[in-house]
file coords_15.txt (compact mmCIF, C-alpha atoms)
# COMPACT_ATOMS: atom_id res chain seq x y z
CA MET A 27 82.41 157.94 70.98
CA LYS A 28 85.91 157.35 72.22
CA PHE A 29 88.63 158.84 70.06
CA VAL A 30 91.65 156.69 69.19
CA ARG A 31 94.62 158.21 67.39
CA ARG A 32 95.45 156.29 64.22
CA SER A 33 98.53 156.19 62.01
CA LEU A 34 96.55 155.74 58.79
CA PRO A 35 94.82 159.10 58.22
CA LEU A 36 97.86 160.90 56.81
CA LEU A 37 98.31 158.19 54.18
CA ALA A 38 94.64 158.48 53.30
CA VAL A 39 94.93 162.24 53.05
CA VAL A 40 97.89 161.95 50.68
CA GLY A 41 96.04 159.44 48.51
CA ALA A 42 92.88 161.53 48.34
CA VAL A 43 94.83 164.65 47.45
CA ALA A 44 96.80 162.81 44.76
CA ALA A 45 93.56 161.66 43.14
CA GLN A 46 92.68 165.29 42.44
CA ALA A 47 96.17 166.28 41.30
CA GLN A 48 95.28 166.34 37.61
CA GLU A 49 92.00 168.21 38.13
CA ARG A 50 91.33 171.87 38.75
CA ILE A 51 91.26 172.53 42.47
CA TYR A 52 88.78 175.00 43.96
CA GLN A 53 88.96 177.02 47.16
CA GLY A 54 86.30 179.30 48.51
CA PHE A 55 83.73 179.91 51.21
CA ASN A 56 80.10 179.09 51.92
CA SER A 57 77.39 181.71 51.45
CA GLY A 58 73.84 181.59 52.73
CA ALA A 59 70.86 183.30 51.13
CA PHE A 60 70.07 185.70 53.98
CA PHE A 61 71.50 187.62 56.91
CA GLN A 62 71.12 186.97 60.65
CA SER A 63 68.14 189.34 60.56
CA ASN A 64 66.61 187.05 57.87
CA LYS A 65 66.90 189.90 55.39
CA PRO A 66 67.61 188.45 51.92
CA LYS A 67 71.03 189.00 50.43
CA VAL A 68 70.95 190.78 47.08
CA GLN A 69 73.41 190.90 44.21
CA SER A 70 75.57 193.65 45.73
CA ASP A 71 75.87 191.71 49.00
CA PHE A 72 77.12 188.63 47.18
CA GLU A 73 79.51 190.71 45.08
CA ASP A 74 80.93 192.27 48.24
CA GLU A 75 81.59 188.78 49.61
CA PHE A 76 83.15 187.44 46.42
CA ASN A 77 85.42 190.46 46.02
CA ALA A 78 86.46 190.36 49.68
CA ALA A 79 87.31 186.67 49.39
CA ARG A 80 89.70 187.35 46.53
CA ALA A 81 91.36 190.24 48.37
CA LEU A 82 91.99 188.65 51.81
CA HIS A 83 95.34 189.75 53.21
CA PHE A 84 98.09 187.10 53.15
CA SER A 85 95.72 184.64 51.53
CA PRO A 86 97.27 181.28 50.55
CA GLY A 87 96.14 181.39 46.93
CA THR A 88 92.96 182.97 45.63
CA PHE A 89 89.57 182.24 47.15
CA SER A 90 87.53 182.43 43.96
CA SER A 91 84.75 179.90 44.55
CA VAL A 92 81.52 179.86 46.52
CA ARG A 93 79.27 177.12 47.82
CA LEU A 94 75.57 178.00 47.83
CA TYR A 95 72.75 176.24 49.67
CA THR A 96 69.87 177.06 47.33
CA ASN A 97 69.15 178.21 43.79
CA ILE A 98 66.23 180.37 44.92
CA GLN A 99 66.38 184.05 45.81
CA GLN A 100 65.19 184.43 49.40
CA GLY A 101 61.63 185.76 49.56
CA THR A 102 60.62 184.44 46.13
CA THR A 103 59.04 181.22 44.94
CA ASN A 104 61.51 180.20 42.25
CA THR A 105 63.44 183.26 41.06
CA PRO A 106 67.15 182.48 40.56
CA ILE A 107 69.28 183.61 43.49
CA GLU A 108 71.06 186.89 42.81
CA ALA A 109 74.37 185.24 43.71
CA PHE A 110 74.41 183.90 40.14
CA GLN A 111 74.73 187.35 38.57
CA ALA A 112 77.25 188.32 41.24
CA ALA A 113 79.34 185.24 40.42
CA ILE A 114 79.26 186.08 36.71
CA ASN A 115 80.33 189.66 37.42
CA THR A 116 83.25 188.55 39.60
CA ASN A 117 84.20 185.34 37.77
CA THR A 118 83.49 183.26 40.87
CA SER A 119 82.98 179.53 40.41
CA ILE A 120 79.95 177.96 42.10
CA LEU A 121 79.20 174.74 43.92
CA LEU A 122 75.44 174.85 43.45
CA GLY A 123 73.14 173.81 46.27
CA ILE A 124 69.60 172.46 46.18
CA TRP A 125 67.76 172.71 49.49
CA CYS A 126 66.10 169.39 50.26
CA SER A 127 65.14 169.34 53.95
CA GLY A 128 61.55 169.80 55.05
CA THR A 129 60.08 169.31 51.60
CA THR A 130 58.71 166.58 49.38
CA SER A 131 59.47 168.49 46.18
CA ILE A 132 62.44 170.32 44.69
CA SER A 133 60.45 171.59 41.71
CA ASN A 134 60.99 175.24 42.66
CA GLU A 135 64.73 174.68 43.04
CA LEU A 136 64.83 173.10 39.59
CA ALA A 137 62.69 175.86 38.11
CA ALA A 138 65.13 178.47 39.43
CA LEU A 139 68.08 176.52 38.08
CA THR A 140 66.49 176.05 34.64
CA SER A 141 65.63 179.73 34.52
CA ALA A 142 69.25 180.65 35.28
CA ILE A 143 70.51 178.36 32.51
CA ASP A 144 68.10 179.96 30.03
CA LYS A 145 68.90 183.50 31.16
CA PHE A 146 72.68 183.36 31.49
CA GLY A 147 73.71 180.46 29.27
CA THR A 148 77.39 179.52 29.34
CA ARG A 149 78.28 182.62 31.36
CA PHE A 150 76.60 180.76 34.21
CA THR A 151 77.10 177.09 33.37
CA ASP A 152 80.84 177.47 32.76
CA LEU A 153 81.22 178.72 36.34
CA VAL A 154 79.44 175.75 37.89
CA VAL A 155 81.78 173.29 39.60
CA ALA A 156 79.10 170.78 40.52
CA ILE A 157 75.62 170.44 42.03
CA SER A 158 75.02 169.42 45.62
CA VAL A 159 71.59 167.92 46.15
CA GLY A 160 70.96 168.72 49.80
CA SER A 161 73.00 169.82 52.79
CA GLU A 162 73.29 167.78 56.02
CA ASP A 163 69.83 166.34 55.49
CA MET A 164 70.71 162.86 56.74
CA TYR A 165 72.58 164.28 59.72
CA ARG A 166 69.46 166.17 60.81
CA LEU A 167 67.58 162.87 61.01
CA SER A 168 70.36 161.16 62.96
CA GLU A 169 70.45 160.67 66.72
CA SER A 170 73.06 163.40 67.14
CA GLY A 171 71.21 165.74 64.77
CA ILE A 172 68.00 165.36 66.73
CA ALA A 173 69.87 165.80 70.03
CA ASN A 174 71.40 169.03 68.69
CA ASP A 175 68.02 170.29 67.45
CA ALA A 176 69.44 170.51 63.92
CA GLY A 177 66.03 170.85 62.28
CA ILE A 178 63.99 168.89 59.77
CA GLY A 179 66.01 166.55 57.59
CA ALA A 180 65.54 164.08 54.76
CA GLY A 181 66.32 160.38 54.57
CA PRO A 182 68.54 158.58 52.07
CA ASN A 183 65.68 157.41 49.85
CA THR A 184 64.42 160.97 49.51
CA ILE A 185 67.90 162.27 48.64
CA VAL A 186 68.43 159.54 46.05
CA ASN A 187 65.11 160.39 44.40
CA PHE A 188 66.01 164.08 44.35
CA ILE A 189 69.38 163.26 42.77
CA ARG A 190 67.57 161.41 39.99
CA GLU A 191 65.30 164.41 39.45
CA VAL A 192 68.29 166.71 39.15
CA ARG A 193 70.01 164.48 36.62
CA THR A 194 66.84 164.42 34.54
CA ALA A 195 66.42 168.20 34.78
CA ILE A 196 69.97 169.02 33.62
CA ASN A 197 70.07 166.45 30.85
CA GLY A 198 70.62 168.22 27.55
CA THR A 199 71.66 171.49 29.20
CA GLY A 200 75.01 173.14 29.79
CA LEU A 201 75.12 171.43 33.18
CA ALA A 202 74.64 167.91 31.84
CA GLN A 203 78.26 166.91 32.40
CA LYS A 204 78.64 168.52 35.83
CA PRO A 205 79.09 166.21 38.84
CA VAL A 206 76.02 165.69 40.99
CA GLY A 207 76.59 164.95 44.66
CA HIS A 208 75.40 165.55 48.19
CA VAL A 209 76.82 167.38 51.22
CA ASP A 210 76.52 165.92 54.69
CA SER A 211 78.36 165.44 57.96
CA TRP A 212 81.18 162.90 58.20
CA SER A 213 78.96 160.86 60.55
CA ALA A 214 76.16 160.61 58.00
CA TRP A 215 78.59 159.40 55.34
CA SER A 216 80.13 156.79 57.62
CA ASN A 217 76.69 155.44 58.56
CA SER A 218 76.08 152.33 56.44
CA SER A 219 72.32 152.97 56.41
CA ASN A 220 73.03 155.88 54.03
CA ARG A 221 74.94 153.75 51.53
CA ALA A 222 72.34 154.31 48.79
CA VAL A 223 73.31 157.98 48.64
CA VAL A 224 77.01 157.13 48.34
CA ASP A 225 76.16 154.87 45.40
CA ALA A 226 74.03 157.56 43.74
CA VAL A 227 76.48 160.50 43.84
CA ASP A 228 79.50 161.55 41.80
CA PHE A 229 81.16 163.16 44.83
CA LEU A 230 80.74 163.36 48.59
CA GLY A 231 80.77 166.79 50.22
CA MET A 232 81.95 166.44 53.81
CA ASP A 233 81.20 168.83 56.69
CA LEU A 234 83.54 168.28 59.63
CA TYR A 235 84.12 170.42 62.74
CA PRO A 236 86.38 169.06 65.51
CA TYR A 237 85.15 172.01 67.59
CA TYR A 238 81.72 170.34 67.77
CA GLU A 239 83.04 166.82 68.50
CA SER A 240 82.27 167.31 72.19
CA ASP A 241 82.19 163.59 72.97
CA GLN A 242 85.94 163.51 72.31
CA ASP A 243 88.86 165.36 73.90
CA ASN A 244 88.43 168.08 71.30
CA ARG A 245 90.78 170.72 72.64
CA ILE A 246 92.63 172.53 69.86
CA GLU A 247 95.76 170.42 70.40
CA ASN A 248 93.80 167.36 69.23
CA ALA A 249 91.86 169.04 66.43
CA GLU A 250 94.07 167.92 63.55
CA ALA A 251 94.14 164.31 64.74
CA ILE A 252 90.37 164.29 65.13
CA PHE A 253 89.91 165.80 61.66
CA ASP A 254 92.24 163.24 60.06
CA ASP A 255 90.51 160.33 61.76
CA LEU A 256 87.00 161.39 60.75
CA TYR A 257 88.08 162.40 57.27
CA ASN A 258 89.62 158.96 56.90
CA ARG A 259 86.33 157.33 57.88
CA THR A 260 84.58 159.36 55.20
CA LEU A 261 87.16 158.33 52.61
CA THR A 262 86.58 154.70 53.54
CA ALA A 263 82.82 155.09 53.12
CA ALA A 264 83.33 156.87 49.78
CA GLY A 265 85.31 154.07 48.19
CA ASP A 266 86.53 155.34 44.82
CA LYS A 267 84.34 158.48 44.90
CA PRO A 268 86.03 161.85 45.58
CA VAL A 269 85.51 163.56 48.93
CA TRP A 270 85.42 167.36 48.97
CA ILE A 271 85.70 169.45 52.12
CA THR A 272 82.55 171.55 51.96
CA GLU A 273 82.50 172.93 55.49
CA THR A 274 85.12 173.17 58.21
CA GLY A 275 86.48 175.88 60.45
CA TRP A 276 87.06 176.87 64.06
CA PRO A 277 85.21 179.80 65.66
CA PHE A 278 87.09 182.75 67.10
CA GLU A 279 84.22 183.53 69.47
CA GLY A 280 81.53 181.40 71.06
CA PRO A 281 80.69 179.01 73.91
CA VAL A 282 82.87 176.15 75.09
CA SER A 283 82.11 172.92 73.18
CA GLY A 284 83.34 169.93 75.15
CA ASN A 285 87.01 170.80 75.68
CA ALA A 286 87.11 173.16 72.69
CA THR A 287 87.37 176.90 73.20
CA ALA A 288 86.68 179.59 70.61
CA THR A 289 89.48 182.15 70.35
CA PRO A 290 91.26 183.90 67.47
CA GLU A 291 94.43 182.01 68.43
CA ASN A 292 92.68 178.65 68.17
CA ALA A 293 91.04 179.64 64.88
CA LYS A 294 94.52 180.43 63.55
CA THR A 295 95.95 177.15 64.87
CA TYR A 296 93.18 175.22 63.15
CA TRP A 297 93.71 177.14 59.93
CA ASP A 298 97.41 176.28 59.99
CA ALA A 299 96.68 172.60 60.61
CA ILE A 300 93.81 172.04 58.15
CA ALA A 301 93.54 174.87 55.61
CA CYS A 302 97.29 174.96 54.99
CA LYS A 303 97.31 171.18 54.51
CA PHE A 304 94.42 170.94 52.05
CA LEU A 305 94.21 174.22 50.13
CA GLY A 306 95.55 173.79 46.62
CA ARG A 307 95.42 170.01 46.90
CA SER A 308 91.74 169.31 47.52
CA ASN A 309 88.51 171.17 46.88
CA VAL A 310 87.78 173.23 50.00
CA TRP A 311 84.94 175.58 50.87
CA TRP A 312 85.87 177.00 54.27
CA TYR A 313 83.38 178.08 56.90
CA ASN A 314 83.26 180.98 56.65
CA LEU A 315 83.97 184.40 55.12
CA ARG A 316 81.25 186.17 57.11
CA ASP A 317 78.74 185.22 59.79
CA THR A 318 75.14 185.42 58.56
CA ASN A 319 73.38 182.26 59.81
CA PRO A 320 70.90 183.23 62.55
CA ALA A 321 70.92 179.65 63.90
CA ILE A 322 74.64 179.77 64.78
CA SER A 323 75.84 181.72 67.81
CA GLU A 324 79.54 181.01 67.19
CA LYS A 325 81.58 183.47 65.14
CA PHE A 326 83.62 181.91 62.32
CA ALA A 327 84.17 184.88 59.98
CA VAL A 328 87.62 185.02 58.43
CA SER A 329 86.97 188.51 57.05
CA LYS A 330 86.43 191.60 59.16
CA ASP A 331 83.37 193.50 57.94
CA VAL A 332 83.52 191.83 54.52
CA SER A 333 86.86 193.41 53.68
CA ALA A 334 90.40 192.20 53.01
CA GLU A 335 91.18 192.52 56.72
CA THR A 336 91.15 189.19 58.52
CA THR A 337 90.32 187.91 61.98
CA PHE A 338 93.68 186.14 62.14
CA ASN A 339 96.74 185.89 59.90
CA LEU A 340 96.08 183.56 56.96
CA THR A 341 99.76 183.02 56.11
CA CYS A 342 100.70 179.36 55.72
CA ALA A 343 104.19 178.33 56.78
CA ALA A 344 106.86 177.75 54.16
CA GLY A 345 106.94 174.07 53.32
CA SER A 346 103.30 173.50 54.20
CA GLY A 347 102.48 172.83 50.56
CA ALA A 348 99.76 175.48 50.52
CA PRO A 349 99.50 177.92 47.60
CA ALA A 350 101.82 180.92 47.67
CA THR A 351 100.82 183.87 49.83
CA ILE A 352 99.18 186.75 47.96
CA ASN A 353 97.61 190.12 48.81
CA THR A 354 100.50 191.32 50.98
CA ASP A 355 99.75 195.03 50.51
CA LEU A 356 97.78 195.81 53.68
CA SER A 357 96.50 199.09 52.29
CA LYS A 358 94.40 197.35 49.65
CA GLY A 359 90.96 195.86 50.06
CA VAL A 360 90.12 197.64 53.31
CA LYS A 361 87.80 200.48 54.16
CA LYS A 362 89.54 203.84 53.96
CA SER A 363 89.10 204.51 57.64
CA SER A 364 90.68 201.16 58.49
CA ALA A 365 93.61 201.65 56.15
CA ALA A 366 94.24 205.16 57.48
CA GLN A 367 94.05 203.88 61.02
CA LEU A 368 96.56 201.14 60.21
CA MET A 369 99.06 203.53 58.62
CA GLY A 370 98.59 206.10 61.34
CA SER A 371 99.13 203.63 64.14
CA VAL A 372 102.20 201.80 62.83
CA GLY A 373 103.70 204.18 60.26
CA ILE A 374 105.80 203.09 57.30
CA ILE A 375 108.61 201.69 59.44
CA GLY A 376 106.15 199.81 61.64
CA LEU A 377 104.32 198.43 58.62
CA VAL A 378 107.59 197.12 57.20
CA SER A 379 108.23 195.45 60.55
CA VAL A 380 104.82 193.78 60.45
CA LEU A 381 105.45 192.46 56.94
CA SER A 382 108.91 191.23 57.92
CA ALA A 383 107.51 189.40 60.93
CA VAL A 384 104.91 187.67 58.77
CA VAL A 385 107.54 186.53 56.27
CA LEU A 386 109.50 184.98 59.11
CA MET A 387 106.47 183.05 60.45

call {"tool": "encode", "arguments": {"input": "coords_15.txt", "output": "structure tokens"}}
result
Amino acid sequence: MKFVRRSLPLLAVVGAVAAQAQERIYQGFNSGAFFQSNKPKVQSDFEDEFNAARALHFSPGTFSSVRLYTNIQQGTTNTPIEAFQAAINTNTSILLGIWCSGTTSISNELAALTSAIDKFGTRFTDLVVAISVGSEDMYRLSESGIANDAGIGAGPNTIVNFIREVRTAINGTGLAQKPVGHVDSWSAWSNSSNRAVVDAVDFLGMDLYPYYESDQDNRIENAEAIFDDLYNRTLTAAGDKPVWITETGWPFEGPVSGNATATPENAKTYWDAIACKFLGRSNVWWYNLRDTNPAISEKFAVSKDVSAETTFNLTCAAGSGAPATINTDLSKGVKKSSAAQLMGSVGIIGLVSVLSAVVLM
């Protein structure tokens, strides 16, 4: 499609952010159920992620939430995913995910969820932000999804039926009052043929990556304008329903996508433009803390080796409106060898210079 710069998106952004002003705002990352080797993540792996997210150097506010894609522990039929216990141990809030593509039944997903409610009670349910029934299912069935070999999807009627099943399953439980929604690409939400899903949900989770908008002039200089335009289209489709940013990011390494290049500098530029504008004002689950999806060759990880060290500086400029910068002690949250290397290479005076330079950014 041809991209046209509009003057409306900023107004839409302000309105959408204001609508959430009186609600608790969440910020976190996405977390899959397995590694690039397809090895299942276990409780300690999830805890490492959740602790690293909270400790990220120069983080604008605390990343204390996680978005999951499934309730089921990888390699089992319907055992609750071990991320639940990890979230309880680290006080990490959860946007639950129910995997819906390539299946005619979500009974195992619901069995795992019910089991977790019975096992953990309010220690679990109090951490749940909402439930997403599906992830990019309608996009996978779209023309662009098929062209990109995105995998098996699910149509709007299937998603609506699954949403009804979820509402029935959580009725009378500690999750009964939690919002039930769906996560999909901006293009799926703006497609009128998917209107039934918009009508069925309490919230819309939007995945949006200007890096992948290769049919536009998607160089990094245009990334914010592209994001605002497509976000605005999603807001229009949503009507009075809230739109949450469930996936966005810019890779620091990977192939050229249209006019977009993957570099640490571009990842930082995108962070400054999008993360610093929305964090603290809208629910955001950034993509991503670590790279574990075997289907994605690009590298998005904000954290180096699941530690407090980051791929690029997360500091948001003064006046951006982002939460205050935290975790400014560079010796904390890193592996001992890394911390020793940092101190040995820059010394105390050099470290003070680094901190001073960041403050002036």

call {"tool": "atom_distance", "arguments": {"input": "coords_15.txt", "atom1": "atom CA of Ile352 of chain A", "atom2": "atom CA of Arg80 of chain A"}}
result
9.6 Å

call {"tool": "atom_distance", "arguments": {"input": "coords_15.txt", "atom1": "atom CA of Asn183 of chain A", "atom2": "atom CA of Asn56 of chain A"}}
result
26.1 Å

call {"tool": "residues_around", "arguments": {"input": "coords_15.txt", "residues": "Glu108 of chain A", "least_positions_apart": "4", "cutoff": "9 Å", "atoms": "all atoms listed in the file", "output": "list in words"}}
result
Lys67, Val68, Gln69, Ser70, Phe72, Asn97, Ile98, Gln99, Ala112 and Ala113 of chain A

call {"tool": "atom_distance", "arguments": {"input": "coords_15.txt", "atom1": "atom CA of Asn314 of chain A", "atom2": "atom CA of Ala327 of chain A"}}
result
5.2 Å

call {"tool": "residues_around", "arguments": {"input": "coords_15.txt", "residues": "segment 271-288 of chain A", "least_positions_apart": "2", "cutoff": "8 Å", "atoms": "all atoms listed in the file", "output": "compact mmCIF listing (two decimals) with C-alpha atoms, in the coordinates of the input"}}
result
# COMPACT_ATOMS: atom_id res chain seq x y z
CA ASN A 56 80.10 179.09 51.92
CA ARG A 93 79.27 177.12 47.82
CA VAL A 209 76.82 167.38 51.22
CA GLY A 231 80.77 166.79 50.22
CA MET A 232 81.95 166.44 53.81
CA ASP A 233 81.20 168.83 56.69
CA LEU A 234 83.54 168.28 59.63
CA TYR A 235 84.12 170.42 62.74
CA PRO A 236 86.38 169.06 65.51
CA TYR A 237 85.15 172.01 67.59
CA TYR A 238 81.72 170.34 67.77
CA GLU A 239 83.04 166.82 68.50
CA SER A 240 82.27 167.31 72.19
CA ASP A 241 82.19 163.59 72.97
CA GLN A 242 85.94 163.51 72.31
CA ASP A 243 88.86 165.36 73.90
CA ASN A 244 88.43 168.08 71.30
CA ARG A 245 90.78 170.72 72.64
CA ILE A 246 92.63 172.53 69.86
CA VAL A 269 85.51 163.56 48.93
CA PRO A 290 91.26 183.90 67.47
CA GLU A 291 94.43 182.01 68.43
CA ASN A 292 92.68 178.65 68.17
CA ALA A 293 91.04 179.64 64.88
CA TYR A 296 93.18 175.22 63.15
CA TRP A 297 93.71 177.14 59.93
CA SER A 308 91.74 169.31 47.52
CA ASN A 309 88.51 171.17 46.88
CA VAL A 310 87.78 173.23 50.00
CA TRP A 311 84.94 175.58 50.87
CA TRP A 312 85.87 177.00 54.27
CA TYR A 313 83.38 178.08 56.90
CA ASN A 314 83.26 180.98 56.65
CA SER A 323 75.84 181.72 67.81
CA GLU A 324 79.54 181.01 67.19
CA LYS A 325 81.58 183.47 65.14
CA PHE A 326 83.62 181.91 62.32
CA ALA A 327 84.17 184.88 59.98
CA THR A 337 90.32 187.91 61.98

call {"tool": "build_atoms", "arguments": {"input": "coords_15.txt", "residues": "segment 246-269 of chain A", "atoms": "N, CA, C and O atoms", "output": "PDB file, in the frame of the given file"}}
result
ATOM      1  N   ILE A 246      91.999 172.169  71.132  1.00  0.00           N
ATOM      2  CA  ILE A 246      92.630 172.530  69.860  1.00  0.00           C
ATOM      3  C   ILE A 246      93.865 171.683  69.575  1.00  0.00           C
ATOM      4  O   ILE A 246      94.161 171.392  68.417  1.00  0.00           O
ATOM      5  N   GLU A 247      94.555 171.238  70.610  1.00  0.00           N
ATOM      6  CA  GLU A 247      95.760 170.420  70.400  1.00  0.00           C
ATOM      7  C   GLU A 247      95.441 169.092  69.718  1.00  0.00           C
ATOM      8  O   GLU A 247      96.307 168.500  69.077  1.00  0.00           O
ATOM      9  N   ASN A 248      94.194 168.636  69.838  1.00  0.00           N
ATOM     10  CA  ASN A 248      93.800 167.360  69.230  1.00  0.00           C
ATOM     11  C   ASN A 248      92.989 167.538  67.952  1.00  0.00           C
ATOM     12  O   ASN A 248      92.569 166.554  67.352  1.00  0.00           O
ATOM     13  N   ALA A 249      92.764 168.775  67.539  1.00  0.00           N
ATOM     14  CA  ALA A 249      91.860 169.040  66.430  1.00  0.00           C
ATOM     15  C   ALA A 249      92.313 168.389  65.120  1.00  0.00           C
ATOM     16  O   ALA A 249      91.508 167.803  64.392  1.00  0.00           O
ATOM     17  N   GLU A 250      93.593 168.498  64.803  1.00  0.00           N
ATOM     18  CA  GLU A 250      94.070 167.920  63.550  1.00  0.00           C
ATOM     19  C   GLU A 250      93.932 166.406  63.544  1.00  0.00           C
ATOM     20  O   GLU A 250      93.522 165.802  62.535  1.00  0.00           O
ATOM     21  N   ALA A 251      94.262 165.769  64.662  1.00  0.00           N
ATOM     22  CA  ALA A 251      94.140 164.310  64.740  1.00  0.00           C
ATOM     23  C   ALA A 251      92.693 163.868  64.615  1.00  0.00           C
ATOM     24  O   ALA A 251      92.386 162.868  63.950  1.00  0.00           O
ATOM     25  N   ILE A 252      91.787 164.610  65.244  1.00  0.00           N
ATOM     26  CA  ILE A 252      90.370 164.290  65.130  1.00  0.00           C
ATOM     27  C   ILE A 252      89.903 164.455  63.682  1.00  0.00           C
ATOM     28  O   ILE A 252      89.206 163.591  63.133  1.00  0.00           O
ATOM     29  N   PHE A 253      90.296 165.573  63.061  1.00  0.00           N
ATOM     30  CA  PHE A 253      89.910 165.800  61.660  1.00  0.00           C
ATOM     31  C   PHE A 253      90.406 164.649  60.789  1.00  0.00           C
ATOM     32  O   PHE A 253      89.639 164.092  59.983  1.00  0.00           O
ATOM     33  N   ASP A 254      91.667 164.296  60.913  1.00  0.00           N
ATOM     34  CA  ASP A 254      92.240 163.240  60.060  1.00  0.00           C
ATOM     35  C   ASP A 254      91.518 161.911  60.254  1.00  0.00           C
ATOM     36  O   ASP A 254      91.259 161.184  59.286  1.00  0.00           O
ATOM     37  N   ASP A 255      91.192 161.590  61.490  1.00  0.00           N
ATOM     38  CA  ASP A 255      90.510 160.330  61.760  1.00  0.00           C
ATOM     39  C   ASP A 255      89.125 160.291  61.110  1.00  0.00           C
ATOM     40  O   ASP A 255      88.763 159.319  60.435  1.00  0.00           O
ATOM     41  N   LEU A 256      88.356 161.367  61.279  1.00  0.00           N
ATOM     42  CA  LEU A 256      87.000 161.390  60.750  1.00  0.00           C
ATOM     43  C   LEU A 256      86.971 161.561  59.241  1.00  0.00           C
ATOM     44  O   LEU A 256      86.088 161.031  58.552  1.00  0.00           O
ATOM     45  N   TYR A 257      87.933 162.289  58.722  1.00  0.00           N
ATOM     46  CA  TYR A 257      88.080 162.400  57.270  1.00  0.00           C
ATOM     47  C   TYR A 257      88.402 161.030  56.683  1.00  0.00           C
ATOM     48  O   TYR A 257      87.855 160.641  55.639  1.00  0.00           O
ATOM     49  N   ASN A 258      89.259 160.291  57.365  1.00  0.00           N
ATOM     50  CA  ASN A 258      89.620 158.960  56.900  1.00  0.00           C
ATOM     51  C   ASN A 258      88.415 158.029  56.875  1.00  0.00           C
ATOM     52  O   ASN A 258      88.251 157.208  55.956  1.00  0.00           O
ATOM     53  N   ARG A 259      87.554 158.156  57.864  1.00  0.00           N
ATOM     54  CA  ARG A 259      86.330 157.330  57.880  1.00  0.00           C
ATOM     55  C   ARG A 259      85.441 157.669  56.687  1.00  0.00           C
ATOM     56  O   ARG A 259      84.808 156.785  56.091  1.00  0.00           O
ATOM     57  N   THR A 260      85.375 158.950  56.353  1.00  0.00           N
ATOM     58  CA  THR A 260      84.580 159.360  55.200  1.00  0.00           C
ATOM     59  C   THR A 260      85.172 158.818  53.910  1.00  0.00           C
ATOM     60  O   THR A 260      84.444 158.357  53.022  1.00  0.00           O
ATOM     61  N   LEU A 261      86.494 158.875  53.792  1.00  0.00           N
ATOM     62  CA  LEU A 261      87.160 158.330  52.610  1.00  0.00           C
ATOM     63  C   LEU A 261      86.873 156.836  52.469  1.00  0.00           C
ATOM     64  O   LEU A 261      86.641 156.331  51.359  1.00  0.00           O
ATOM     65  N   THR A 262      86.872 156.133  53.581  1.00  0.00           N
ATOM     66  CA  THR A 262      86.580 154.700  53.540  1.00  0.00           C
ATOM     67  C   THR A 262      85.166 154.448  53.049  1.00  0.00           C
ATOM     68  O   THR A 262      84.920 153.564  52.213  1.00  0.00           O
ATOM     69  N   ALA A 263      84.211 155.233  53.547  1.00  0.00           N
ATOM     70  CA  ALA A 263      82.820 155.090  53.120  1.00  0.00           C
ATOM     71  C   ALA A 263      82.656 155.435  51.649  1.00  0.00           C
ATOM     72  O   ALA A 263      81.832 154.838  50.944  1.00  0.00           O
ATOM     73  N   ALA A 264      83.460 156.395  51.165  1.00  0.00           N
ATOM     74  CA  ALA A 264      83.330 156.870  49.780  1.00  0.00           C
ATOM     75  C   ALA A 264      83.834 155.869  48.757  1.00  0.00           C
ATOM     76  O   ALA A 264      83.422 155.906  47.591  1.00  0.00           O
ATOM     77  N   GLY A 265      84.731 154.994  49.157  1.00  0.00           N
ATOM     78  CA  GLY A 265      85.310 154.070  48.190  1.00  0.00           C
ATOM     79  C   GLY A 265      86.126 154.816  47.157  1.00  0.00           C
ATOM     80  O   GLY A 265      87.045 155.558  47.505  1.00  0.00           O
ATOM     81  N   ASP A 266      85.770 154.674  45.880  1.00  0.00           N
ATOM     82  CA  ASP A 266      86.530 155.340  44.820  1.00  0.00           C
ATOM     83  C   ASP A 266      85.931 156.698  44.433  1.00  0.00           C
ATOM     84  O   ASP A 266      86.353 157.311  43.450  1.00  0.00           O
ATOM     85  N   LYS A 267      84.952 157.178  45.200  1.00  0.00           N
ATOM     86  CA  LYS A 267      84.340 158.480  44.900  1.00  0.00           C
ATOM     87  C   LYS A 267      85.116 159.590  45.611  1.00  0.00           C
ATOM     88  O   LYS A 267      85.589 159.426  46.739  1.00  0.00           O
ATOM     89  N   PRO A 268      85.272 160.757  44.954  1.00  0.00           N
ATOM     90  CA  PRO A 268      86.030 161.850  45.580  1.00  0.00           C
ATOM     91  C   PRO A 268      85.280 162.455  46.770  1.00  0.00           C
ATOM     92  O   PRO A 268      84.051 162.542  46.775  1.00  0.00           O
ATOM     93  N   VAL A 269      86.046 162.872  47.768  1.00  0.00           N
ATOM     94  CA  VAL A 269      85.510 163.560  48.930  1.00  0.00           C
ATOM     95  C   VAL A 269      86.010 164.990  48.922  1.00  0.00           C
ATOM     96  O   VAL A 269      87.215 165.237  48.873  1.00  0.00           O
TER      97      VAL A 269
END
